[in-house]
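Novice: This is query00.cif, which holds mmCIF, C-alpha atoms and all ligand atoms:
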data_protein
loop_
_atom_site.label_atom_id
_atom_site.label_comp_id
_atom_site.auth_asym_id
_atom_site.auth_seq_id
_atom_site.Cartn_x
_atom_site.Cartn_y
_atom_site.Cartn_z
CA MET A 899 -8.34 -3.73 -17.22
CA SER A 900 -4.87 -2.60 -18.18
CA ARG A 901 -4.59 -2.66 -21.99
CA ILE A 902 -1.00 -1.62 -22.43
CA ALA A 903 1.85 -2.59 -20.13
CA TYR A 904 5.35 -1.18 -20.00
CA VAL A 905 7.84 -4.06 -19.87
CA ASN A 906 11.58 -3.44 -19.92
CA GLY A 907 11.63 -0.60 -22.40
CA GLN A 908 8.58 -1.40 -24.48
CA TYR A 909 4.87 -0.70 -24.41
CA VAL A 910 3.19 -4.00 -25.19
CA SER A 911 -0.33 -5.39 -25.23
CA HIS A 912 -1.23 -6.35 -21.67
CA ARG A 913 -2.53 -9.71 -22.89
CA MET A 914 0.85 -10.60 -24.42
CA ALA A 915 3.08 -8.99 -21.77
CA GLY A 916 5.51 -11.31 -20.05
CA VAL A 917 8.89 -11.55 -18.37
CA HIS A 918 11.59 -14.18 -18.65
CA ILE A 919 11.19 -17.32 -16.52
CA GLU A 920 14.53 -16.53 -14.90
CA ASP A 921 13.52 -13.07 -13.79
CA ARG A 922 14.56 -13.01 -10.14
CA GLY A 923 11.23 -11.51 -9.20
CA TYR A 924 9.50 -14.61 -10.55
CA GLN A 925 11.96 -17.04 -8.99
CA PHE A 926 12.92 -15.41 -5.68
CA ALA A 927 10.52 -12.48 -5.15
CA ASP A 928 13.75 -10.47 -5.48
CA GLY A 929 12.12 -7.14 -6.17
CA VAL A 930 10.08 -4.22 -4.91
CA TYR A 931 6.94 -2.40 -5.99
CA GLU A 932 4.83 0.70 -5.64
CA VAL A 933 1.12 1.33 -6.12
CA ILE A 934 0.27 4.94 -6.94
CA ALA A 935 -3.25 6.34 -7.08
CA VAL A 936 -4.47 8.21 -10.16
CA ARG A 937 -7.14 10.76 -9.38
CA ASP A 938 -8.75 12.80 -12.12
CA GLY A 939 -5.85 11.85 -14.41
CA GLU A 940 -3.19 13.06 -11.95
CA LEU A 941 -0.72 10.91 -10.02
CA VAL A 942 -1.22 11.30 -6.27
CA ASP A 943 1.84 11.90 -4.04
CA LEU A 944 4.28 10.83 -6.76
CA ASP A 945 7.40 12.16 -4.99
CA PRO A 946 6.76 10.31 -1.71
CA HIS A 947 6.20 7.13 -3.73
CA PHE A 948 9.49 7.71 -5.57
CA ASP A 949 11.24 8.34 -2.24
CA ARG A 950 9.91 5.08 -0.81
CA LEU A 951 10.87 3.22 -4.00
CA ASP A 952 14.42 4.57 -3.62
CA ARG A 953 14.55 3.39 0.00
CA SER A 954 13.29 -0.09 -0.94
CA LEU A 955 15.77 -0.39 -3.85
CA ASP A 956 18.68 0.87 -1.72
CA ALA A 957 17.85 -1.55 1.11
CA LEU A 958 18.05 -4.49 -1.32
CA GLU A 959 20.94 -3.06 -3.39
CA ILE A 960 18.86 -3.21 -6.57
CA ALA A 961 19.93 -0.62 -9.13
CA GLN A 962 17.51 2.14 -10.16
CA PRO A 963 16.01 1.04 -13.48
CA MET A 964 16.16 4.65 -14.80
CA THR A 965 16.31 8.21 -13.53
CA ARG A 966 13.37 9.62 -11.59
CA GLY A 967 12.58 11.96 -14.47
CA ALA A 968 12.49 9.13 -17.02
CA LEU A 969 10.42 6.98 -14.68
CA GLY A 970 7.91 9.82 -14.35
CA VAL A 971 7.59 9.99 -18.14
CA VAL A 972 7.07 6.22 -18.51
CA ILE A 973 4.49 6.15 -15.71
CA ASP A 974 2.66 9.07 -17.28
CA GLN A 975 2.68 7.37 -20.69
CA THR A 976 1.34 4.13 -19.21
CA VAL A 977 -1.51 6.03 -17.52
CA ARG A 978 -2.35 7.86 -20.76
CA ARG A 979 -2.13 4.80 -23.01
CA ASN A 980 -4.58 3.01 -20.72
CA ARG A 981 -6.78 6.13 -20.52
CA VAL A 982 -6.96 5.93 -16.72
CA ARG A 983 -8.66 8.86 -15.01
CA ASP A 984 -9.30 7.27 -11.62
CA GLY A 985 -7.36 4.15 -10.75
CA ILE A 986 -3.89 2.91 -9.96
CA VAL A 987 -0.43 2.51 -11.40
CA TYR A 988 1.46 -0.65 -10.42
CA LEU A 989 5.23 -0.45 -10.76
CA GLN A 990 7.61 -3.34 -10.09
CA VAL A 991 11.40 -3.40 -10.17
CA THR A 992 13.28 -6.69 -9.84
CA ARG A 993 16.96 -7.55 -9.84
CA GLY A 994 16.48 -8.76 -13.40
CA VAL A 995 17.17 -11.96 -15.30
CA ALA A 996 20.02 -14.33 -14.41
CA PRO A 997 20.60 -18.11 -14.24
CA ARG A 998 18.97 -19.27 -11.01
CA SER A 999 21.44 -18.97 -8.15
CA HIS A 1000 20.89 -17.35 -4.77
CA PRO A 1001 23.69 -14.71 -4.67
CA PHE A 1002 23.24 -11.43 -6.52
CA PRO A 1003 24.28 -11.93 -10.17
CA PRO A 1004 27.54 -10.15 -11.13
CA ASP A 1005 26.06 -7.63 -13.59
CA PRO A 1006 22.36 -7.39 -12.84
CA GLU A 1007 20.16 -5.26 -15.04
CA SER A 1008 17.05 -4.21 -13.14
CA ALA A 1009 13.77 -5.20 -14.76
CA LEU A 1010 10.87 -2.75 -14.79
CA VAL A 1011 7.19 -3.48 -15.33
CA ILE A 1012 4.43 -0.87 -15.13
CA THR A 1013 0.68 -1.34 -15.52
CA ALA A 1014 -2.20 1.08 -15.02
CA ARG A 1015 -5.88 0.40 -14.66
CA ALA A 1016 -9.10 2.06 -13.63
CA MET A 1017 -10.23 1.32 -10.09
CA ALA A 1018 -13.27 2.60 -8.26
CA PRO A 1019 -12.70 4.15 -4.85
CA PRO A 1020 -14.31 2.42 -1.83
CA SER A 1021 -18.08 2.35 -2.29
CA ALA A 1022 -20.49 4.77 -0.62
CA ALA A 1023 -21.81 1.81 1.42
CA ILE A 1024 -18.34 1.13 2.83
CA ILE A 1025 -17.87 4.75 3.84
CA GLU A 1026 -21.36 4.96 5.32
CA HIS A 1027 -21.46 1.68 7.22
CA GLY A 1028 -17.80 0.74 7.74
CA VAL A 1029 -16.09 -2.61 7.36
CA ARG A 1030 -15.07 -5.63 9.42
CA VAL A 1031 -11.52 -6.73 10.11
CA VAL A 1032 -10.22 -10.01 11.47
CA THR A 1033 -6.89 -10.47 13.22
CA MET A 1034 -4.05 -12.92 12.61
CA ALA A 1035 -0.54 -13.49 13.89
CA ASP A 1036 2.01 -11.36 12.03
CA ILE A 1037 4.27 -14.04 10.54
CA ARG A 1038 6.19 -11.69 8.22
CA TRP A 1039 9.95 -11.08 8.07
CA GLY A 1040 11.96 -8.46 9.94
CA ARG A 1041 12.01 -5.81 7.17
CA CYS A 1042 8.35 -4.95 6.61
CA ASP A 1043 9.47 -1.35 5.90
CA ILE A 1044 10.74 -2.52 2.49
CA LYS A 1045 7.95 -2.68 -0.10
CA SER A 1046 9.01 -6.13 -1.22
CA ILE A 1047 7.04 -8.18 -3.73
CA ALA A 1048 7.42 -11.16 -1.32
CA LEU A 1049 3.85 -10.93 -0.07
CA LEU A 1050 2.95 -14.52 0.82
CA PRO A 1051 2.05 -13.81 4.49
CA ASN A 1052 0.04 -10.76 3.37
CA ILE A 1053 -1.80 -12.86 0.78
CA LEU A 1054 -2.61 -15.56 3.34
CA ALA A 1055 -3.89 -12.90 5.73
CA LYS A 1056 -6.06 -11.24 3.07
CA GLN A 1057 -7.43 -14.60 1.96
CA ASN A 1058 -8.33 -15.32 5.58
CA ALA A 1059 -10.14 -11.97 5.70
CA VAL A 1060 -12.03 -12.71 2.48
CA GLU A 1061 -13.07 -16.13 3.76
CA SER A 1062 -14.29 -14.46 6.97
CA ASP A 1063 -16.26 -11.93 4.94
CA ALA A 1064 -14.00 -9.17 6.25
CA TYR A 1065 -12.40 -6.25 4.39
CA GLU A 1066 -8.95 -6.56 5.92
CA ALA A 1067 -6.80 -8.67 8.25
CA TRP A 1068 -4.94 -6.88 11.04
CA LEU A 1069 -1.62 -8.46 11.92
CA ILE A 1070 -0.72 -8.90 15.59
CA ASP A 1071 2.90 -9.18 16.77
CA GLU A 1072 4.21 -11.46 19.51
CA ASN A 1073 3.52 -8.75 22.12
CA GLY A 1074 -0.13 -8.45 21.18
CA ILE A 1075 0.44 -5.15 19.36
CA VAL A 1076 -1.28 -4.45 16.04
CA THR A 1077 1.41 -3.93 13.41
CA GLU A 1078 -0.77 -3.03 10.39
CA GLY A 1079 -3.22 -4.53 7.92
CA SER A 1080 -2.24 -7.00 5.19
CA SER A 1081 -2.25 -4.09 2.72
CA SER A 1082 -3.07 -1.02 4.82
CA ASN A 1083 -2.08 0.87 7.96
CA ALA A 1084 -4.21 0.56 11.09
CA TRP A 1085 -5.57 3.37 13.28
CA ILE A 1086 -7.78 3.62 16.36
CA VAL A 1087 -9.34 6.29 18.53
CA ASN A 1088 -8.71 4.77 21.95
CA ALA A 1089 -11.10 4.68 24.91
CA ASP A 1090 -9.74 8.08 26.04
CA GLY A 1091 -10.35 9.65 22.63
CA ALA A 1092 -6.70 9.68 21.46
CA LEU A 1093 -6.01 9.00 17.79
CA MET A 1094 -3.29 6.35 17.47
CA THR A 1095 -1.33 4.60 14.74
CA ARG A 1096 1.81 2.54 15.00
CA ASP A 1097 5.18 4.29 14.83
CA LEU A 1098 7.47 3.80 11.84
CA SER A 1099 9.94 0.94 12.26
CA LYS A 1100 11.03 -2.20 10.44
CA SER A 1101 7.73 -3.78 11.62
CA ILE A 1102 5.45 -1.82 9.28
CA LEU A 1103 5.37 -0.37 5.81
CA GLY A 1104 5.41 3.43 6.01
CA GLY A 1105 2.22 4.05 4.06
CA ILE A 1106 2.13 7.13 1.84
CA THR A 1107 -1.53 7.53 2.84
CA ARG A 1108 -0.60 7.22 6.54
CA SER A 1109 1.94 9.95 6.05
CA ALA A 1110 -0.48 12.24 4.13
CA VAL A 1111 -3.11 11.78 6.86
CA LEU A 1112 -0.51 12.55 9.56
CA ASP A 1113 0.48 15.75 7.71
CA ALA A 1114 -3.17 16.75 7.37
CA CYS A 1115 -3.72 16.10 11.09
CA ALA A 1116 -0.71 18.25 11.98
CA GLU A 1117 -2.05 21.07 9.83
CA ASP A 1118 -5.51 20.70 11.33
CA GLY A 1119 -4.24 20.60 14.93
CA ILE A 1120 -5.29 16.97 15.50
CA GLU A 1121 -2.87 15.19 17.82
CA VAL A 1122 -1.82 11.67 16.82
CA LEU A 1123 -0.05 9.29 19.16
CA GLN A 1124 2.37 7.28 17.08
CA ASN A 1125 2.50 4.49 19.62
CA GLY A 1126 1.75 0.88 19.00
CA PHE A 1127 -1.71 -0.06 20.23
CA SER A 1128 -2.63 -3.52 21.42
CA LEU A 1129 -5.44 -5.70 20.15
CA ALA A 1130 -7.02 -5.26 23.61
CA GLN A 1131 -6.95 -1.45 23.13
CA ALA A 1132 -8.42 -1.85 19.64
CA LEU A 1133 -11.25 -3.97 21.02
CA ASN A 1134 -12.00 -1.16 23.52
CA ALA A 1135 -11.57 1.62 20.98
CA ARG A 1136 -14.19 4.26 20.17
CA GLU A 1137 -13.28 4.18 16.50
CA ALA A 1138 -10.98 2.31 14.14
CA MET A 1139 -9.92 2.78 10.54
CA VAL A 1140 -7.47 1.77 7.84
CA THR A 1141 -5.54 3.86 5.32
CA SER A 1142 -4.01 2.91 1.99
CA THR A 1143 -3.52 4.13 -1.57
CA THR A 1144 -6.56 2.16 -2.77
CA SER A 1145 -8.79 2.45 0.34
CA PHE A 1146 -8.01 6.12 1.15
CA VAL A 1147 -9.50 6.18 4.68
CA VAL A 1148 -12.02 3.43 5.48
CA PRO A 1149 -13.88 3.09 8.80
CA VAL A 1150 -13.67 -0.20 10.73
CA VAL A 1151 -16.75 -1.02 12.80
CA ASP A 1152 -16.05 -4.62 13.80
CA ILE A 1153 -12.88 -6.41 14.91
CA ASP A 1154 -13.05 -10.22 15.18
CA GLY A 1155 -16.83 -10.02 15.57
CA SER A 1156 -16.63 -7.41 18.35
CA GLN A 1157 -18.35 -4.09 17.64
CA VAL A 1158 -16.13 -0.99 17.63
CA GLY A 1159 -17.67 1.90 19.61
CA ASP A 1160 -21.32 2.26 18.68
CA GLY A 1161 -20.79 0.18 15.53
CA ARG A 1162 -20.93 3.19 13.22
CA PRO A 1163 -18.21 5.28 11.55
CA GLY A 1164 -17.35 7.99 14.07
CA PRO A 1165 -16.53 11.71 14.04
CA VAL A 1166 -12.73 11.32 13.94
CA PHE A 1167 -13.05 9.06 10.90
CA GLN A 1168 -15.32 11.64 9.23
CA ARG A 1169 -12.74 14.37 9.87
CA LEU A 1170 -9.77 12.34 8.62
CA ARG A 1171 -11.68 11.23 5.57
CA ALA A 1172 -12.62 14.84 4.76
CA LEU A 1173 -9.01 15.95 5.21
CA TYR A 1174 -7.71 13.16 2.98
CA MET A 1175 -10.32 13.78 0.27
CA ALA A 1176 -9.27 17.45 0.30
CA HIS A 1177 -5.67 16.26 -0.14
CA LEU A 1178 -6.75 14.12 -3.13
CA ASN A 1179 -8.78 16.92 -4.71
CA PRO A 1180 -6.82 20.06 -3.92
CA ARG A 1181 -8.69 22.21 -6.45
N1 LIG B 1201 1.00 -1.67 4.82
C1 LIG B 1201 1.12 -2.66 3.89
C2 LIG B 1201 1.65 -3.98 4.32
C3 LIG B 1201 0.76 -2.41 2.56
O1 LIG B 1201 0.89 -3.37 1.64
C4 LIG B 1201 0.24 -1.14 2.22
C5 LIG B 1201 -0.21 -0.85 0.81
N2 LIG B 1201 0.65 -1.26 -0.16
C6 LIG B 1201 0.12 -0.16 3.19
C7 LIG B 1201 0.51 -0.46 4.49
C8 LIG B 1201 -0.40 1.21 2.87
O2 LIG B 1201 0.56 1.93 2.14
P1 LIG B 1201 0.12 3.09 1.12
O3 LIG B 1201 -0.66 4.08 1.92
O4 LIG B 1201 1.41 3.63 0.63
O5 LIG B 1201 -0.71 2.44 0.07
#
Would you mind giving the structure from this file in structure tokens?
Ligand code: PMP

Specialist:
Amino acid sequence: MSRIAYVNGQYVSHRMAGVHIEDRGYQFADGVYEVIAVRDGELVDLDPHFDRLDRSLDALEIAQPMTRGALGVVIDQTVRRNRVRDGIVYLQVTRGVAPRSHPFPPDPESALVITARAMAPPSAAIIEHGVRVVTMADIRWGRCDIKSIALLPNILAKQNAVESDAYEAWLIDENGIVTEGSSSNAWIVNADGALMTRDLSKSILGGITRSAVLDACAEDGIEVLQNGFSLAQALNAREAMVTSTTSFVVPVVDIDGSQVGDGRPGPVFQRLRALYMAHLNPR
């Protein structure tokens, strides 16, 4: 549990923390966020997260709440005050408080909230046995590359997964192509043994974990086809997996009740997982 939250310039008790009812994040989902992993007390891939935050803010013309240096200090303080060694930082920037009206307010002052809490990595059972995913139509908007706090379709998809006893929901576009998970990027090893994940576009969020795994693959000489793959290809795949800040790399062994490969986490997953764990624990 987060004990101390940073809210617009102050560190306050998490229990008492709140924002104004006319914060545009609350009223319009007019804001963006980042989730950053904390591993052994260190922030993982902080610069790529800052870069993506900048891109999201720029796309929505929301002003930076503070300089990158200052933001780093506040994030660090929030992690320390909550004594998080392994967990996550949640950071949200909204267009701030203004009387409710759709257009951007004339002099917006960005609002910033940061929380930090301990979180266990995926369990040994998940890594050993893999997880199930279910699929759903991707009903999201046309700018899924922006890490917007407007997550209603993602929430509905994840709830559907939970109710189906699945770990994640994979979202399928109108052409039958898997875009990504409700809160993760999707990967397969196709029937020919090629590792695939969807290319970057406005249809997916460019995951920081996806990017770190791609870099590790490049360094390790593993070829990755950044082509969209269809649900039909996924159902015929040898292996499947998801990547995210909180999941790291998790093997998928069942899609919509259909077994993936031999139903066990495969060798490519094992390799990617090892590479990503080495990235998380460089020492
Ligand atoms: N896609 C979506 C829709 C997500 O919400 C997330 C996680 N926030 C990801 C992909 C994975 O991104 P990351 O690796 O940066 O956590």

Novice: For ligand LIG 1201 (chain B), list the contacting residues at 7 Å or closer, counting all atoms listed in the file, as an mmCIF file with C-alpha atoms, in the frame of the given file.

Specialist:
data_model
loop_
_atom_site.group_PDB
_atom_site.id
_atom_site.type_symbol
_atom_site.label_atom_id
_atom_site.label_comp_id
_atom_site.auth_asym_id
_atom_site.auth_seq_id
_atom_site.Cartn_x
_atom_site.Cartn_y
_atom_site.Cartn_z
ATOM 1 C CA VAL A 933 1.120 1.330 -6.120
ATOM 2 C CA GLU A 1078 -0.770 -3.030 10.390
ATOM 3 C CA GLY A 1079 -3.220 -4.530 7.920
ATOM 4 C CA SER A 1080 -2.240 -7.000 5.190
ATOM 5 C CA SER A 1081 -2.250 -4.090 2.720
ATOM 6 C CA SER A 1082 -3.070 -1.020 4.820
ATOM 7 C CA ASN A 1083 -2.080 0.870 7.960
ATOM 8 C CA ILE A 1102 5.450 -1.820 9.280
ATOM 9 C CA LEU A 1103 5.370 -0.370 5.810
ATOM 10 C CA GLY A 1104 5.410 3.430 6.010
ATOM 11 C CA GLY A 1105 2.220 4.050 4.060
ATOM 12 C CA ILE A 1106 2.130 7.130 1.840
ATOM 13 C CA THR A 1107 -1.530 7.530 2.840
ATOM 14 C CA ARG A 1108 -0.600 7.220 6.540
ATOM 15 C CA THR A 1141 -5.540 3.860 5.320
ATOM 16 C CA SER A 1142 -4.010 2.910 1.990
ATOM 17 C CA THR A 1143 -3.520 4.130 -1.570
ATOM 18 C CA THR A 1144 -6.560 2.160 -2.770
#

Novice: Which polymer residues, whether protein, DNA or RNA, lie within 10 Å of the coordinate (14.8, -1.2, -11.2) when you count only C-alpha atoms? List them as a list in words, using the chain letters and numbers from the file.

Specialist: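 Applying the cut-off with only C-alpha atoms, one gets Asn906, Gly929, Val930, Tyr931, Leu951, Asp952, Leu955, Ile960, Ala961, Gln962, Pro963, Met964, Thr965, Leu969, Leu989, Gln990, Val991, Thr992, Arg993, Gly994, Pro1006, Glu1007, Ser1008, Ala1009, Leu1010 and Val1011 of chain A.
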
Novice: Go ahead and write the selection's residues with C-alpha atoms as a compact mmCIF listing (two decimals), keeping the file's coordinate frame.

Specialist:
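Everything below was put into out_31.txt:
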# COMPACT_ATOMS: atom_id res chain seq x y z
CA ASN A 906 11.58 -3.44 -19.92
CA GLY A 929 12.12 -7.14 -6.17
CA VAL A 930 10.08 -4.22 -4.91
CA TYR A 931 6.94 -2.40 -5.99
CA LEU A 951 10.87 3.22 -4.00
CA ASP A 952 14.42 4.57 -3.62
CA LEU A 955 15.77 -0.39 -3.85
CA ILE A 960 18.86 -3.21 -6.57
CA ALA A 961 19.93 -0.62 -9.13
CA GLN A 962 17.51 2.14 -10.16
CA PRO A 963 16.01 1.04 -13.48
CA MET A 964 16.16 4.65 -14.80
CA THR A 965 16.31 8.21 -13.53
CA LEU A 969 10.42 6.98 -14.68
CA LEU A 989 5.23 -0.45 -10.76
CA GLN A 990 7.61 -3.34 -10.09
CA VAL A 991 11.40 -3.40 -10.17
CA THR A 992 13.28 -6.69 -9.84
CA ARG A 993 16.96 -7.55 -9.84
CA GLY A 994 16.48 -8.76 -13.40
CA PRO A 1006 22.36 -7.39 -12.84
CA GLU A 1007 20.16 -5.26 -15.04
CA SER A 1008 17.05 -4.21 -13.14
CA ALA A 1009 13.77 -5.20 -14.76
CA LEU A 1010 10.87 -2.75 -14.79
CA VAL A 1011 7.19 -3.48 -15.33

Novice: Would you mind telling me which residue in A:Ala1130, A:Ala1067, A:Ala996, A:Ile1044 lies nearest to A:Val1029 when using all atoms listed in the file?

Specialist: A:Ala1067

Novice: List as a ChimeraX atom specification the protein and nucleic acid residues near A:Arg1136, meaning an atom at most 8 Å away when only C-alpha atoms are counted, but skip any in the same chain fewer than 6 places from it.

Specialist: /A:1086-1089,1091,1158-1160,1164

Novice: Using all atoms listed in the file, pick whichever of A:Gly1155, A:Gly1126, A:Gly1040, A:Gly923 has the shortest atom-to-atom distance to A:Asp1063.

Specialist: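 Ranking A:Gly1155, A:Gly1126, A:Gly1040, A:Gly923 by distance to A:Asp1063, first place goes to A:Gly1155.
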
Novice: Report as a list in words all protein, DNA and RNA residues lying within 6 Å of A:Val995, evaluated on all atoms listed in the file, omitting residues in the same chain fewer than 2 positions from it.

Specialist: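 Near A:Val995, the qualifying residues are Glu920, Asp921 and Arg922 of chain A.
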
Novice: Go through A:Pro997, A:Pro1149, A:Gly907, A:Gly939 and flag the residue nearest A:Ala968, using all atoms listed in the file for the distances.

Specialist: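 Ranked by minimum distance to A:Ala968, first place goes to A:Gly907.
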
Novice: Quote the spacing between atom CA of A:Ala1176 and atom CA of A:Gly1028 in Å to one decimal place.

Specialist: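 Answer for the atom CA of A:Ala1176 to atom CA of A:Gly1028 separation: 20.2 Å.
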
Novice: For A:Phe1167, please output as a list of chain:residue names all residues within 10 Å (counting all atoms listed in the file; exclusion window: fewer than 2 positions along the same chain).

Specialist: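 Non-adjacent residues within range: A:Ile1025, A:Trp1085, A:Ile1086, A:Val1087, A:Leu1093, A:Glu1137, A:Ala1138, A:Met1139, A:Val1140, A:Val1147, A:Val1148, A:Pro1149, A:Val1150, A:Pro1163, A:Gly1164, A:Pro1165, A:Arg1169, A:Leu1170, A:Arg1171, A:Ala1172, A:Leu1173.
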
Novice: Please measure the separation of atom CA of A:Leu1054 and atom CA of A:Ser1128, giving the value in Å to one decimal.

Specialist: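 So the two atoms, atom CA of A:Leu1054 and atom CA of A:Ser1128, lie 21.7 Å apart.
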
Novice: Using only C-alpha atoms, can you tell me which of A:Ile1037, A:Ala1114, A:Val1031, A:Ile986 comes closest to A:Lys1056?

Specialist: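 Closest candidate: A:Val1031.
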
Novice: Starting from the block above, write stretch 1127-1138 of chain A out to a file with N, CA and C atoms, as a short mmCIF file (atom, residue, chain, number, x, y, z; two decimals), in the first residue's frame, please.

Specialist:
data_model
loop_
_atom_site.label_atom_id
_atom_site.label_comp_id
_atom_site.auth_asym_id
_atom_site.auth_seq_id
_atom_site.Cartn_x
_atom_site.Cartn_y
_atom_site.Cartn_z
N PHE A 1127 0.48 -9.71 -36.34
CA PHE A 1127 0.10 -11.11 -36.55
C PHE A 1127 -1.39 -11.24 -36.27
N SER A 1128 -2.00 -12.16 -37.03
CA SER A 1128 -3.46 -12.31 -36.91
C SER A 1128 -3.78 -13.24 -35.74
N LEU A 1129 -5.05 -13.21 -35.35
CA LEU A 1129 -5.50 -14.15 -34.32
C LEU A 1129 -5.31 -15.57 -34.83
N ALA A 1130 -5.57 -15.79 -36.14
CA ALA A 1130 -5.40 -17.14 -36.71
C ALA A 1130 -3.94 -17.58 -36.55
N GLN A 1131 -2.98 -16.68 -36.82
CA GLN A 1131 -1.56 -17.03 -36.64
C GLN A 1131 -1.27 -17.32 -35.17
N ALA A 1132 -1.86 -16.54 -34.28
CA ALA A 1132 -1.63 -16.75 -32.85
C ALA A 1132 -2.15 -18.13 -32.42
N LEU A 1133 -3.29 -18.51 -32.99
CA LEU A 1133 -3.88 -19.80 -32.61
C LEU A 1133 -3.03 -20.97 -33.14
N ASN A 1134 -2.21 -20.69 -34.17
CA ASN A 1134 -1.32 -21.71 -34.72
C ASN A 1134 0.12 -21.57 -34.23
N ALA A 1135 0.33 -20.65 -33.30
CA ALA A 1135 1.70 -20.31 -32.90
C ALA A 1135 2.33 -21.44 -32.08
N ARG A 1136 3.66 -21.46 -32.09
CA ARG A 1136 4.39 -22.40 -31.22
C ARG A 1136 4.43 -21.89 -29.79
N GLU A 1137 4.58 -20.55 -29.69
CA GLU A 1137 4.67 -19.93 -28.37
C GLU A 1137 3.95 -18.58 -28.41
N ALA A 1138 3.59 -18.08 -27.25
CA ALA A 1138 3.03 -16.74 -27.16
C ALA A 1138 3.45 -16.15 -25.81
#
